[in-house]
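Engineer: Below is one structure. I have some questions about it.
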Amino acid sequence: MTTATIATATPYPYSFDLSRTALVIIDMQRDFVEPGGFGETLGNDVSLLQSIIPAVAAMLAGWRRAGGLVIHTREAHAPDLHDCPPPKRLRGAPSLRIGDKGPMGRILIAGEPGNDIVPELAPIEGEWVIDKPGKGAFYATRLHERLQAAGITHLLFMGVTTEVCVQTSMREANDRGYECLIVEDGTASYFPEFHKAALAMMTAQGGIVGWSATSGMVLKEL
Ligand code: TIU
């Protein structure tokens with residue numbers, strides 16, 4: 001096993017063995033980054049999220065070349081909505097609710113065109129794809145059990161949105177004992193100030209939730 005160290009990670013150097021580390025890409029779905037999806041129905045400007053696709057693609061390519069495990073998640077509900085708590089569907093005043101028909105198919109429903117991962121980041125053979133009904137990747141999925149079986153101890157997070165599904169997933173992972181790092185330019189929010197605050201609150205207090213680093217810092221060590 002060879003150990004890589006990102007010396008300039010925040011708040012202090014982060015070390016990982018590639019064979020025990022997975023790259024987790026959270027919810028890079030058309031529903032969040034393209035017009036007409038779930039994100040836009042909530043009133044958001046989706047262009048802010050599109051801007052990270054090149055950095056996420058570069059990290060993904062580097063991680064694949066190095067032979068690391070890649071995990072993609074999708075926020076997705078069953079067509080009959082049995083896994084969607086009514087408050088999640090009924091909250092707020094979106095232009096379309098979860099399960100309603102939009103320009104990319106039914107909003108946030110598994111199997112609909114809008115629920116797909118964007119083509120630039122499409123999963124390939126051998127990569128895990130986890131459908132999750134909640135914001136966190138560990139809630140109501142078998143992710144923890146699969147990671148344990150694969151001997152994974154470290155997780156690098158990217159995807160959207162920083163303070164919602166990415167932060168929730170990283171907090172869930174931290175509570176389960178994983179050493180987590182968030183890739184600063186591989187994640188984005190509809191609210192730039194929330195992106196910045198989420199990174200700061202997770203790495204404060206000696207890395208209370210984990211570390212952060214740029215994609216360039218990670219790629220240099222692969
Ligand atoms: N994937 C994810 O973050 N789901 C959200 O609903 N995020 C929002 O910021 N709305």
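Here, A, B, ... name the chains of the structure tokens in the order displayed, residue numbers run from 1 inside each chain, and ligands are numbered from 1 in the same displayed order.
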I want to know what sits within 12 Å of Arg142 of chain A, based on only C-alpha atoms, with residues of the same chain fewer than 2 positions away left out; could you give that as a list of chain:residue names?
Structural biologist: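 The contact residues come out as A:Trp128, A:Val129, A:Ile130, A:Asp131, A:Lys132, A:Ala137, A:Phe138, A:Tyr139, A:Ala140, A:His144, A:Glu145, A:Arg146, A:Leu147, A:Gln148, A:Ala149.
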Engineer: So that I can check the surroundings of segment 152-157 of chain A, please list as a PyMOL selection string every protein, DNA and RNA residue that reaches within 7 Å of it, counting only C-alpha atoms and ignoring chain neighbours fewer than 6 positions away.
Structural biologist: chain A and resi 16+20-25+178-183
Engineer: Would you give me, as JSON lines, each residue of segment 106-169 of chain A having an atom within 7 Å of an atom of segment 32-39 of chain A, along with its shortest atom pair and that distance in Å to one decimal, using only C-alpha atoms and sorting by chain and residue number?
Structural biologist:
```
{"residue": "A:Ile107", "atom": "CA", "partner": "A:Phe38", "partner_atom": "CA", "distance": 5.8}
{"residue": "A:Leu108", "atom": "CA", "partner": "A:Phe38", "partner_atom": "CA", "distance": 6.3}
{"residue": "A:Gly114", "atom": "CA", "partner": "A:Gly37", "partner_atom": "CA", "distance": 6.3}
```
Engineer: Export, as a JSON list (two decimals), in the first residue's frame, the selected residues with C-alpha atoms.
Structural biologist:
```
[["chain", "number", "residue", "atom", "x", "y", "z"],
["A", 107, "ILE", "CA", -39.12, 15.72, -11.34],
["A", 108, "LEU", "CA", -36.58, 13.74, -9.25],
["A", 114, "GLY", "CA", -33.74, 14.58, -15.84]]
```
Engineer: Find, counting only C-alpha atoms, the residue in A:Thr203, A:Ser19, A:Gln29, A:Asn115 that gets nearest to Thr161 of chain A.
Structural biologist: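 Of A:Thr203, A:Ser19, A:Gln29, A:Asn115, the one nearest Thr161 of chain A is A:Gln29, counting only C-alpha atoms.
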Engineer: Out of segment 1-199 of chain A, which residues get strand (DSSP E) from DSSP, as a ChimeraX atom specification?
Structural biologist: /A:3-6,14-17,21-26,69-75,101-102,105-106,128-132,154-160,179-188
Engineer: Would you mind listing the residues within 7 Å of ligand 1, counting only C-alpha atoms and all ligand atoms, as JSON, numbers by chain?
Structural biologist: {"A": [26, 27, 39, 75, 135, 160, 161, 162, 164, 165, 166, 189, 190]}
Engineer: Which residue, A:Lys88, A:Thr10, A:Thr168, A:Met28, has the smallest gap to Thr214 of chain A when you use only C-alpha atoms?
Structural biologist: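 Selected residue with least distance to Thr214 of chain A: A:Thr10.
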Engineer: Using only C-alpha atoms, find the one residue out of A:Pro94, A:Gly186, A:Pro103, A:Pro86 that sits nearest to Ala213 of chain A.
Structural biologist: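 Of the candidates, the smallest distance to Ala213 of chain A is held by A:Gly186.
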Engineer: When distances are computed from only C-alpha atoms, which of A:Glu40, A:Asp83, A:Val56, A:Leu49 shows the smallest separation from Gly102 of chain A?
Structural biologist: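 When distances to Gly102 of chain A are compared using only C-alpha atoms, the smallest one comes from A:Glu40.
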Engineer: What are the DSSP helix (DSSP H, G or I) residues of segment 126-193 of chain A, as a PyMOL selection string?
Structural biologist: chain A and resi 143-149+162-175+192-193
